[in-house]
Amino acid sequence: MDDTNSRHTEKMRKIKAARDRMMQTKTEERGLIIVHTGTGKGKSSSGFGMIMRCIAHQMPCAVVQFIKGGRATGERDFLQEHFPDACKFVVSGEGFTWETQDRERDIAAARNGWEQAKALILDPEIQFVLLDEINIALRNDYLEIDEVVDFLQRQKPLMTHVVLTGRNAKPELIEAADLVTEMTLVKHPFRDGIKAQKGVEF
């Protein structure tokens with residue numbers, strides 16, 4: 001038992017030393033462009049988890065919710081009720097595109113959301129902006145991908161973080177991002193006839 005513990009201690013000591021050396025080379029600090037995409041669940045949930053961190057660190061933040069703004073969500077209700085001063089919340093969507101069935105209205109809503117998103121990103125007081133489901137608006141060409149990428153690369157303040165969520169992120173956005181996570185679907189209860197559950201999906 002003592003030999004096992006000694007080997008473990010030595011192994012962890014070497015790992016820590018290597019980790020410490022690596023961390024000494026990581027000195028740059030700047031705002032990141034972060035993409036959460038993929039067919040699996042958790043893209044928006046991860047973004048809202050980061051919003052919670054920002055609030056805990058007294059970092060002013062904002063959310064612009066594209067596409068699914070037509071229905072109430074727990075995240076929106078929670079933030080607007082408990083943290084209205086810490087996190088600005090903009091709803092630009094009118095619901096899923098198959099519900100609105102009006103492309104021109106969807107484009108107008110997305111454009112309105114993008115204009116508000118740009119203003120929030122440029123606001124010197126705000127340090128973190130979540131663009132929830134913007135990838136859907138980009139996939140459907142409600143917004144021009146070149147315009148969005150150009151703004152993020154050229155006009156986003158150096159220290160401002162921006163998170164963009166939604167499946168099917170365009171290659172141009174993935175290329176421009178600093179951090180990209182793809183959520184992979186393994187199983188989903190919807191396939192077994194189970195509807196969306198409160199607290200799990202909204």
# chains A, B, ... in the order shown; residues from 1 in each chain; ligands from 1
$ select_by_dssp --residues "chain A" --states "helix (DSSP H, G or I)" --output "ChimeraX atom specification"
/A:2-24,43-56,68-70,74-82,97-100,103-122,134-139,145-154,171-176,189-192
$ closest_atom_pairs --of "range 27-125 of chain A" --to "range 139-144 of chain A" --cutoff "7 Å" --atoms "only C-alpha atoms" --output "Markdown table"
| residue | atom | partner | partner_atom | distance |
| --- | --- | --- | --- | --- |
| A:Ile107 | CA | A:Tyr142 | CA | 4.7 |
| A:Ala110 | CA | A:Tyr142 | CA | 6.2 |
| A:Arg111 | CA | A:Leu143 | CA | 6.7 |
$ write_last_selection --atoms "C-alpha atoms" --output "PDB file, in the first residue's frame"
ATOM      1  CA  ILE A 107     -35.175  38.247 -41.074  1.00  0.00           C
ATOM      2  CA  ALA A 110     -32.833  38.665 -36.575  1.00  0.00           C
ATOM      3  CA  ARG A 111     -31.607  42.007 -37.938  1.00  0.00           C
TER       4      ARG A 111
END
$ closest_residue --among "A:Glu75, A:Glu147, A:Asp102, A:Glu133" --to "Phe48 in chain A" --atoms "only C-alpha atoms"
A:Glu75
$ closest_residue --among "A:Cys61, A:Lys187, A:Arg53, A:Met159" --to "Glu28 in chain A" --atoms "only C-alpha atoms"
A:Met159
$ residues_around --residues "range 194-200 of chain A" --least-positions-apart "4" --cutoff "9 Å" --atoms "only C-alpha atoms" --output "number ranges by chain"
A: 73-74, 188-190
$ write_last_selection --atoms "N, CA and C atoms" --output "tab-separated table (two decimals), in the first residue's frame"
chain	number	residue	atom	x	y	z
A	73	THR	N	-38.68	31.05	-21.02
A	73	THR	CA	-37.63	30.13	-20.63
A	73	THR	C	-37.23	30.42	-19.19
A	74	GLY	N	-36.79	29.39	-18.49
A	74	GLY	CA	-36.37	29.55	-17.11
A	74	GLY	C	-35.21	30.52	-16.97
A	188	HIS	N	-31.55	10.89	-27.10
A	188	HIS	CA	-32.47	11.99	-26.81
A	188	HIS	C	-33.86	11.41	-26.53
A	189	PRO	N	-34.51	11.84	-25.44
A	189	PRO	CA	-35.82	11.27	-25.10
A	189	PRO	C	-36.91	11.60	-26.11
A	190	PHE	N	-36.73	12.65	-26.89
A	190	PHE	CA	-37.72	13.00	-27.91
A	190	PHE	C	-37.96	11.85	-28.87
$ residues_around --residues "Leu164 in chain A" --least-positions-apart "5" --cutoff "10 Å" --atoms "only C-alpha atoms" --output "list of chain:residue names"
A:Ile33, A:Ile34, A:Val35, A:His36, A:Thr37, A:Lys43, A:Ser44, A:Gly47, A:Val64, A:Val129, A:Leu130, A:Leu131, A:Asp132, A:Glu133, A:Ile134, A:Asn135, A:Ala169, A:Leu173, A:Ala177, A:Val180
$ residues_around --residues "Phe89 in chain A" --least-positions-apart "2" --cutoff "12 Å" --atoms "only C-alpha atoms" --output "PDB file with all heavy atoms, in the first residue's frame"
ATOM      1  N   PHE A  48     -25.493  30.028 -20.720  1.00  0.00           N
ATOM      2  CA  PHE A  48     -26.114  30.633 -19.543  1.00  0.00           C
ATOM      3  C   PHE A  48     -25.342  30.311 -18.264  1.00  0.00           C
ATOM      4  O   PHE A  48     -25.339  31.110 -17.322  1.00  0.00           O
ATOM      5  CB  PHE A  48     -27.572  30.193 -19.421  1.00  0.00           C
ATOM      6  CG  PHE A  48     -28.490  30.971 -20.327  1.00  0.00           C
ATOM      7  CD1 PHE A  48     -29.041  30.385 -21.449  1.00  0.00           C
ATOM      8  CD2 PHE A  48     -28.785  32.298 -20.061  1.00  0.00           C
ATOM      9  CE1 PHE A  48     -29.879  31.106 -22.298  1.00  0.00           C
ATOM     10  CE2 PHE A  48     -29.608  33.028 -20.891  1.00  0.00           C
ATOM     11  CZ  PHE A  48     -30.168  32.432 -22.016  1.00  0.00           C
ATOM     12  N   ILE A  51     -22.906  32.955 -18.092  1.00  0.00           N
ATOM     13  CA  ILE A  51     -23.545  34.180 -17.612  1.00  0.00           C
ATOM     14  C   ILE A  51     -23.594  34.178 -16.080  1.00  0.00           C
ATOM     15  O   ILE A  51     -23.323  35.201 -15.428  1.00  0.00           O
ATOM     16  CB  ILE A  51     -24.966  34.324 -18.198  1.00  0.00           C
ATOM     17  CG1 ILE A  51     -24.900  34.661 -19.687  1.00  0.00           C
ATOM     18  CG2 ILE A  51     -25.784  35.356 -17.435  1.00  0.00           C
ATOM     19  CD1 ILE A  51     -24.482  36.084 -20.010  1.00  0.00           C
ATOM     20  N   PRO A  60     -20.392  42.825 -15.699  1.00  0.00           N
ATOM     21  CA  PRO A  60     -21.628  43.159 -16.416  1.00  0.00           C
ATOM     22  C   PRO A  60     -21.734  42.347 -17.710  1.00  0.00           C
ATOM     23  O   PRO A  60     -20.760  42.216 -18.460  1.00  0.00           O
ATOM     24  CB  PRO A  60     -21.477  44.652 -16.706  1.00  0.00           C
ATOM     25  CG  PRO A  60     -20.528  45.146 -15.667  1.00  0.00           C
ATOM     26  CD  PRO A  60     -19.563  44.019 -15.444  1.00  0.00           C
ATOM     27  N   CYS A  61     -22.922  41.799 -17.966  1.00  0.00           N
ATOM     28  CA  CYS A  61     -23.083  40.915 -19.108  1.00  0.00           C
ATOM     29  C   CYS A  61     -24.440  41.140 -19.767  1.00  0.00           C
ATOM     30  O   CYS A  61     -25.273  41.898 -19.258  1.00  0.00           O
ATOM     31  CB  CYS A  61     -22.917  39.455 -18.692  1.00  0.00           C
ATOM     32  SG  CYS A  61     -23.979  38.942 -17.315  1.00  0.00           S
ATOM     33  N   ALA A  62     -24.637  40.483 -20.899  1.00  0.00           N
ATOM     34  CA  ALA A  62     -25.883  40.666 -21.647  1.00  0.00           C
ATOM     35  C   ALA A  62     -26.190  39.413 -22.442  1.00  0.00           C
ATOM     36  O   ALA A  62     -25.290  38.646 -22.803  1.00  0.00           O
ATOM     37  CB  ALA A  62     -25.780  41.868 -22.583  1.00  0.00           C
ATOM     38  N   VAL A  63     -27.482  39.221 -22.717  1.00  0.00           N
ATOM     39  CA  VAL A  63     -27.956  38.121 -23.542  1.00  0.00           C
ATOM     40  C   VAL A  63     -28.825  38.694 -24.643  1.00  0.00           C
ATOM     41  O   VAL A  63     -29.683  39.541 -24.387  1.00  0.00           O
ATOM     42  CB  VAL A  63     -28.795  37.114 -22.725  1.00  0.00           C
ATOM     43  CG1 VAL A  63     -29.361  36.019 -23.637  1.00  0.00           C
ATOM     44  CG2 VAL A  63     -27.987  36.519 -21.583  1.00  0.00           C
ATOM     45  N   VAL A  64     -28.596  38.245 -25.876  1.00  0.00           N
ATOM     46  CA  VAL A  64     -29.524  38.516 -26.966  1.00  0.00           C
ATOM     47  C   VAL A  64     -30.018  37.156 -27.438  1.00  0.00           C
ATOM     48  O   VAL A  64     -29.225  36.316 -27.875  1.00  0.00           O
ATOM     49  CB  VAL A  64     -28.873  39.281 -28.128  1.00  0.00           C
ATOM     50  CG1 VAL A  64     -29.908  39.523 -29.237  1.00  0.00           C
ATOM     51  CG2 VAL A  64     -28.298  40.604 -27.639  1.00  0.00           C
ATOM     52  N   GLN A  65     -31.316  36.934 -27.308  1.00  0.00           N
ATOM     53  CA  GLN A  65     -31.884  35.626 -27.624  1.00  0.00           C
ATOM     54  C   GLN A  65     -32.562  35.671 -28.998  1.00  0.00           C
ATOM     55  O   GLN A  65     -33.552  36.371 -29.197  1.00  0.00           O
ATOM     56  CB  GLN A  65     -32.887  35.225 -26.543  1.00  0.00           C
ATOM     57  CG  GLN A  65     -33.193  33.753 -26.513  1.00  0.00           C
ATOM     58  CD  GLN A  65     -33.830  33.347 -25.204  1.00  0.00           C
ATOM     59  OE1 GLN A  65     -34.809  33.932 -24.773  1.00  0.00           O
ATOM     60  NE2 GLN A  65     -33.281  32.327 -24.560  1.00  0.00           N
ATOM     61  N   PHE A  66     -31.978  34.928 -29.939  1.00  0.00           N
ATOM     62  CA  PHE A  66     -32.523  34.833 -31.285  1.00  0.00           C
ATOM     63  C   PHE A  66     -33.462  33.628 -31.376  1.00  0.00           C
ATOM     64  O   PHE A  66     -33.374  32.692 -30.591  1.00  0.00           O
ATOM     65  CB  PHE A  66     -31.392  34.662 -32.309  1.00  0.00           C
ATOM     66  CG  PHE A  66     -30.487  35.850 -32.425  1.00  0.00           C
ATOM     67  CD1 PHE A  66     -29.476  36.094 -31.489  1.00  0.00           C
ATOM     68  CD2 PHE A  66     -30.624  36.740 -33.476  1.00  0.00           C
ATOM     69  CE1 PHE A  66     -28.638  37.190 -31.605  1.00  0.00           C
ATOM     70  CE2 PHE A  66     -29.780  37.849 -33.600  1.00  0.00           C
ATOM     71  CZ  PHE A  66     -28.794  38.064 -32.667  1.00  0.00           C
ATOM     72  N   GLY A  69     -37.404  33.304 -28.983  1.00  0.00           N
ATOM     73  CA  GLY A  69     -37.913  34.305 -28.054  1.00  0.00           C
ATOM     74  C   GLY A  69     -39.402  34.275 -27.829  1.00  0.00           C
ATOM     75  O   GLY A  69     -39.915  34.945 -26.954  1.00  0.00           O
ATOM     76  N   GLU A  75     -34.283  30.476 -17.931  1.00  0.00           N
ATOM     77  CA  GLU A  75     -33.122  31.361 -17.857  1.00  0.00           C
ATOM     78  C   GLU A  75     -33.543  32.830 -17.918  1.00  0.00           C
ATOM     79  O   GLU A  75     -33.073  33.648 -17.124  1.00  0.00           O
ATOM     80  CB  GLU A  75     -32.150  31.078 -19.014  1.00  0.00           C
ATOM     81  CG  GLU A  75     -31.648  29.649 -19.096  1.00  0.00           C
ATOM     82  CD  GLU A  75     -32.421  28.810 -20.089  1.00  0.00           C
ATOM     83  OE1 GLU A  75     -33.623  29.085 -20.271  1.00  0.00           O
ATOM     84  OE2 GLU A  75     -31.835  27.884 -20.662  1.00  0.00           O
ATOM     85  N   ARG A  76     -34.422  33.128 -18.861  1.00  0.00           N
ATOM     86  CA  ARG A  76     -34.861  34.514 -19.019  1.00  0.00           C
ATOM     87  C   ARG A  76     -35.637  34.985 -17.787  1.00  0.00           C
ATOM     88  O   ARG A  76     -35.384  36.072 -17.265  1.00  0.00           O
ATOM     89  CB  ARG A  76     -35.736  34.657 -20.272  1.00  0.00           C
ATOM     90  CG  ARG A  76     -36.143  36.095 -20.538  1.00  0.00           C
ATOM     91  CD  ARG A  76     -36.834  36.210 -21.889  1.00  0.00           C
ATOM     92  NE  ARG A  76     -38.196  35.728 -21.836  1.00  0.00           N
ATOM     93  CZ  ARG A  76     -38.899  35.346 -22.891  1.00  0.00           C
ATOM     94  NH1 ARG A  76     -38.359  35.374 -24.085  1.00  0.00           N
ATOM     95  NH2 ARG A  76     -40.136  34.940 -22.769  1.00  0.00           N
ATOM     96  N   ASP A  77     -36.564  34.169 -17.321  1.00  0.00           N
ATOM     97  CA  ASP A  77     -37.346  34.549 -16.146  1.00  0.00           C
ATOM     98  C   ASP A  77     -36.442  34.773 -14.940  1.00  0.00           C
ATOM     99  O   ASP A  77     -36.603  35.742 -14.194  1.00  0.00           O
ATOM    100  CB  ASP A  77     -38.387  33.469 -15.823  1.00  0.00           C
ATOM    101  CG  ASP A  77     -39.462  33.366 -16.895  1.00  0.00           C
ATOM    102  OD1 ASP A  77     -39.561  34.289 -17.735  1.00  0.00           O
ATOM    103  OD2 ASP A  77     -40.196  32.359 -16.895  1.00  0.00           O
ATOM    104  N   PHE A  78     -35.482  33.883 -14.751  1.00  0.00           N
ATOM    105  CA  PHE A  78     -34.574  33.978 -13.599  1.00  0.00           C
ATOM    106  C   PHE A  78     -33.726  35.240 -13.654  1.00  0.00           C
ATOM    107  O   PHE A  78     -33.627  35.992 -12.674  1.00  0.00           O
ATOM    108  CB  PHE A  78     -33.679  32.741 -13.558  1.00  0.00           C
ATOM    109  CG  PHE A  78     -32.679  32.751 -12.440  1.00  0.00           C
ATOM    110  CD1 PHE A  78     -33.058  32.475 -11.145  1.00  0.00           C
ATOM    111  CD2 PHE A  78     -31.344  33.057 -12.688  1.00  0.00           C
ATOM    112  CE1 PHE A  78     -32.134  32.482 -10.106  1.00  0.00           C
ATOM    113  CE2 PHE A  78     -30.414  33.069 -11.665  1.00  0.00           C
ATOM    114  CZ  PHE A  78     -30.813  32.781 -10.365  1.00  0.00           C
ATOM    115  N   LEU A  79     -33.113  35.481 -14.815  1.00  0.00           N
ATOM    116  CA  LEU A  79     -32.227  36.632 -14.935  1.00  0.00           C
ATOM    117  C   LEU A  79     -33.001  37.944 -14.841  1.00  0.00           C
ATOM    118  O   LEU A  79     -32.557  38.892 -14.181  1.00  0.00           O
ATOM    119  CB  LEU A  79     -31.450  36.569 -16.250  1.00  0.00           C
ATOM    120  CG  LEU A  79     -30.378  35.483 -16.317  1.00  0.00           C
ATOM    121  CD1 LEU A  79     -29.865  35.325 -17.738  1.00  0.00           C
ATOM    122  CD2 LEU A  79     -29.233  35.786 -15.361  1.00  0.00           C
ATOM    123  N   GLN A  80     -34.153  38.023 -15.483  1.00  0.00           N
ATOM    124  CA  GLN A  80     -34.911  39.275 -15.461  1.00  0.00           C
ATOM    125  C   GLN A  80     -35.496  39.555 -14.087  1.00  0.00           C
ATOM    126  O   GLN A  80     -35.636  40.714 -13.705  1.00  0.00           O
ATOM    127  CB  GLN A  80     -36.006  39.227 -16.526  1.00  0.00           C
ATOM    128  CG  GLN A  80     -35.447  39.311 -17.939  1.00  0.00           C
ATOM    129  CD  GLN A  80     -36.529  39.343 -19.003  1.00  0.00           C
ATOM    130  OE1 GLN A  80     -37.602  38.764 -18.845  1.00  0.00           O
ATOM    131  NE2 GLN A  80     -36.251  40.024 -20.100  1.00  0.00           N
ATOM    132  N   GLU A  81     -35.812  38.510 -13.346  1.00  0.00           N
ATOM    133  CA  GLU A  81     -36.393  38.709 -12.015  1.00  0.00           C
ATOM    134  C   GLU A  81     -35.343  38.998 -10.956  1.00  0.00           C
ATOM    135  O   GLU A  81     -35.538  39.853 -10.092  1.00  0.00           O
ATOM    136  CB  GLU A  81     -37.201  37.476 -11.607  1.00  0.00           C
ATOM    137  CG  GLU A  81     -37.864  37.614 -10.235  1.00  0.00           C
ATOM    138  CD  GLU A  81     -38.728  36.430  -9.863  1.00  0.00           C
ATOM    139  OE1 GLU A  81     -38.996  35.581 -10.734  1.00  0.00           O
ATOM    140  OE2 GLU A  81     -39.132  36.350  -8.683  1.00  0.00           O
ATOM    141  N   PHE A  83     -31.638  39.349 -11.527  1.00  0.00           N
ATOM    142  CA  PHE A  83     -30.406  40.056 -11.862  1.00  0.00           C
ATOM    143  C   PHE A  83     -30.594  41.046 -13.009  1.00  0.00           C
ATOM    144  O   PHE A  83     -29.768  41.100 -13.937  1.00  0.00           O
ATOM    145  CB  PHE A  83     -29.300  39.049 -12.220  1.00  0.00           C
ATOM    146  CG  PHE A  83     -28.951  38.116 -11.106  1.00  0.00           C
ATOM    147  CD1 PHE A  83     -29.430  36.814 -11.109  1.00  0.00           C
ATOM    148  CD2 PHE A  83     -28.159  38.541 -10.051  1.00  0.00           C
ATOM    149  CE1 PHE A  83     -29.112  35.942 -10.078  1.00  0.00           C
ATOM    150  CE2 PHE A  83     -27.838  37.674  -9.014  1.00  0.00           C
ATOM    151  CZ  PHE A  83     -28.316  36.367  -9.021  1.00  0.00           C
ATOM    152  N   PRO A  84     -31.644  41.846 -12.987  1.00  0.00           N
ATOM    153  CA  PRO A  84     -31.883  42.763 -14.115  1.00  0.00           C
ATOM    154  C   PRO A  84     -30.798  43.816 -14.284  1.00  0.00           C
ATOM    155  O   PRO A  84     -30.576  44.300 -15.395  1.00  0.00           O
ATOM    156  CB  PRO A  84     -33.232  43.401 -13.770  1.00  0.00           C
ATOM    157  CG  PRO A  84     -33.313  43.312 -12.275  1.00  0.00           C
ATOM    158  CD  PRO A  84     -32.646  42.010 -11.927  1.00  0.00           C
ATOM    159  N   ASP A  85     -30.110  44.171 -13.207  1.00  0.00           N
ATOM    160  CA  ASP A  85     -29.056  45.183 -13.293  1.00  0.00           C
ATOM    161  C   ASP A  85     -27.718  44.582 -13.711  1.00  0.00           C
ATOM    162  O   ASP A  85     -26.880  45.272 -14.281  1.00  0.00           O
ATOM    163  CB  ASP A  85     -28.890  45.900 -11.949  1.00  0.00           C
ATOM    164  CG  ASP A  85     -30.125  46.687 -11.561  1.00  0.00           C
ATOM    165  OD1 ASP A  85     -30.822  47.172 -12.475  1.00  0.00           O
ATOM    166  OD2 ASP A  85     -30.408  46.802 -10.358  1.00  0.00           O
ATOM    167  N   ALA A  86     -27.527  43.297 -13.422  1.00  0.00           N
ATOM    168  CA  ALA A  86     -26.252  42.640 -13.735  1.00  0.00           C
ATOM    169  C   ALA A  86     -26.206  42.114 -15.151  1.00  0.00           C
ATOM    170  O   ALA A  86     -25.127  42.011 -15.750  1.00  0.00           O
ATOM    171  CB  ALA A  86     -26.000  41.491 -12.752  1.00  0.00           C
ATOM    172  N   CYS A  87     -27.380  41.771 -15.699  1.00  0.00           N
ATOM    173  CA  CYS A  87     -27.426  41.162 -17.029  1.00  0.00           C
ATOM    174  C   CYS A  87     -28.570  41.741 -17.840  1.00  0.00           C
ATOM    175  O   CYS A  87     -29.743  41.555 -17.498  1.00  0.00           O
ATOM    176  CB  CYS A  87     -27.579  39.643 -16.895  1.00  0.00           C
ATOM    177  SG  CYS A  87     -27.606  38.784 -18.497  1.00  0.00           S
ATOM    178  N   VAL A  91     -34.787  39.998 -26.173  1.00  0.00           N
ATOM    179  CA  VAL A  91     -35.444  38.924 -26.918  1.00  0.00           C
ATOM    180  C   VAL A  91     -35.754  39.447 -28.305  1.00  0.00           C
ATOM    181  O   VAL A  91     -36.547  40.383 -28.458  1.00  0.00           O
ATOM    182  CB  VAL A  91     -36.736  38.466 -26.216  1.00  0.00           C
ATOM    183  CG1 VAL A  91     -37.434  37.401 -27.051  1.00  0.00           C
ATOM    184  CG2 VAL A  91     -36.421  37.943 -24.818  1.00  0.00           C
ATOM    185  N   SER A  92     -35.126  38.858 -29.326  1.00  0.00           N
ATOM    186  CA  SER A  92     -35.341  39.357 -30.684  1.00  0.00           C
ATOM    187  C   SER A  92     -36.135  38.388 -31.547  1.00  0.00           C
ATOM    188  O   SER A  92     -36.681  38.770 -32.569  1.00  0.00           O
ATOM    189  CB  SER A  92     -34.007  39.661 -31.364  1.00  0.00           C
ATOM    190  OG  SER A  92     -33.342  38.461 -31.675  1.00  0.00           O
ATOM    191  N   GLY A 113     -32.242  41.960 -33.653  1.00  0.00           N
ATOM    192  CA  GLY A 113     -31.408  41.375 -32.602  1.00  0.00           C
ATOM    193  C   GLY A 113     -29.935  41.643 -32.818  1.00  0.00           C
ATOM    194  O   GLY A 113     -29.197  41.944 -31.872  1.00  0.00           O
ATOM    195  N   GLN A 116     -28.983  45.218 -31.919  1.00  0.00           N
ATOM    196  CA  GLN A 116     -28.895  45.371 -30.461  1.00  0.00           C
ATOM    197  C   GLN A 116     -27.666  44.645 -29.918  1.00  0.00           C
ATOM    198  O   GLN A 116     -27.015  45.129 -28.985  1.00  0.00           O
ATOM    199  CB  GLN A 116     -30.169  44.850 -29.796  1.00  0.00           C
ATOM    200  CG  GLN A 116     -31.392  45.682 -30.138  1.00  0.00           C
ATOM    201  CD  GLN A 116     -32.591  45.297 -29.314  1.00  0.00           C
ATOM    202  OE1 GLN A 116     -32.675  45.594 -28.122  1.00  0.00           O
ATOM    203  NE2 GLN A 116     -33.544  44.623 -29.947  1.00  0.00           N
ATOM    204  N   ALA A 117     -27.349  43.496 -30.511  1.00  0.00           N
ATOM    205  CA  ALA A 117     -26.160  42.757 -30.081  1.00  0.00           C
ATOM    206  C   ALA A 117     -24.897  43.580 -30.306  1.00  0.00           C
ATOM    207  O   ALA A 117     -24.011  43.644 -29.433  1.00  0.00           O
ATOM    208  CB  ALA A 117     -26.076  41.432 -30.832  1.00  0.00           C
ATOM    209  N   LEU A 120     -24.557  46.228 -27.667  1.00  0.00           N
ATOM    210  CA  LEU A 120     -24.166  45.670 -26.368  1.00  0.00           C
ATOM    211  C   LEU A 120     -22.693  45.266 -26.366  1.00  0.00           C
ATOM    212  O   LEU A 120     -21.977  45.482 -25.385  1.00  0.00           O
ATOM    213  CB  LEU A 120     -25.051  44.466 -26.037  1.00  0.00           C
ATOM    214  CG  LEU A 120     -26.502  44.798 -25.701  1.00  0.00           C
ATOM    215  CD1 LEU A 120     -27.360  43.539 -25.735  1.00  0.00           C
ATOM    216  CD2 LEU A 120     -26.608  45.491 -24.352  1.00  0.00           C
ATOM    217  N   VAL A 129     -21.068  38.887 -23.691  1.00  0.00           N
ATOM    218  CA  VAL A 129     -22.351  38.897 -24.394  1.00  0.00           C
ATOM    219  C   VAL A 129     -22.630  37.505 -24.941  1.00  0.00           C
ATOM    220  O   VAL A 129     -21.802  36.931 -25.658  1.00  0.00           O
ATOM    221  CB  VAL A 129     -22.370  39.930 -25.537  1.00  0.00           C
ATOM    222  CG1 VAL A 129     -23.727  39.907 -26.240  1.00  0.00           C
ATOM    223  CG2 VAL A 129     -22.066  41.328 -25.009  1.00  0.00           C
ATOM    224  N   LEU A 130     -23.800  36.986 -24.609  1.00  0.00           N
ATOM    225  CA  LEU A 130     -24.253  35.695 -25.116  1.00  0.00           C
ATOM    226  C   LEU A 130     -25.246  35.924 -26.245  1.00  0.00           C
ATOM    227  O   LEU A 130     -26.285  36.574 -26.035  1.00  0.00           O
ATOM    228  CB  LEU A 130     -24.915  34.889 -23.986  1.00  0.00           C
ATOM    229  CG  LEU A 130     -25.663  33.618 -24.390  1.00  0.00           C
ATOM    230  CD1 LEU A 130     -24.731  32.614 -25.058  1.00  0.00           C
ATOM    231  CD2 LEU A 130     -26.340  32.997 -23.158  1.00  0.00           C
ATOM    232  N   LEU A 131     -24.935  35.417 -27.435  1.00  0.00           N
ATOM    233  CA  LEU A 131     -25.826  35.496 -28.588  1.00  0.00           C
ATOM    234  C   LEU A 131     -26.462  34.117 -28.759  1.00  0.00           C
ATOM    235  O   LEU A 131     -25.953  33.251 -29.480  1.00  0.00           O
ATOM    236  CB  LEU A 131     -25.048  35.926 -29.837  1.00  0.00           C
ATOM    237  CG  LEU A 131     -24.251  37.233 -29.700  1.00  0.00           C
ATOM    238  CD1 LEU A 131     -23.547  37.564 -31.012  1.00  0.00           C
ATOM    239  CD2 LEU A 131     -25.144  38.384 -29.257  1.00  0.00           C
ATOM    240  N   ASP A 132     -27.564  33.924 -28.054  1.00  0.00           N
ATOM    241  CA  ASP A 132     -28.182  32.611 -27.954  1.00  0.00           C
ATOM    242  C   ASP A 132     -28.951  32.276 -29.235  1.00  0.00           C
ATOM    243  O   ASP A 132     -29.849  33.012 -29.642  1.00  0.00           O
ATOM    244  CB  ASP A 132     -29.122  32.589 -26.740  1.00  0.00           C
ATOM    245  CG  ASP A 132     -29.687  31.213 -26.475  1.00  0.00           C
ATOM    246  OD1 ASP A 132     -28.949  30.229 -26.656  1.00  0.00           O
ATOM    247  OD2 ASP A 132     -30.870  31.120 -26.081  1.00  0.00           O
TER     248      ASP A 132
END
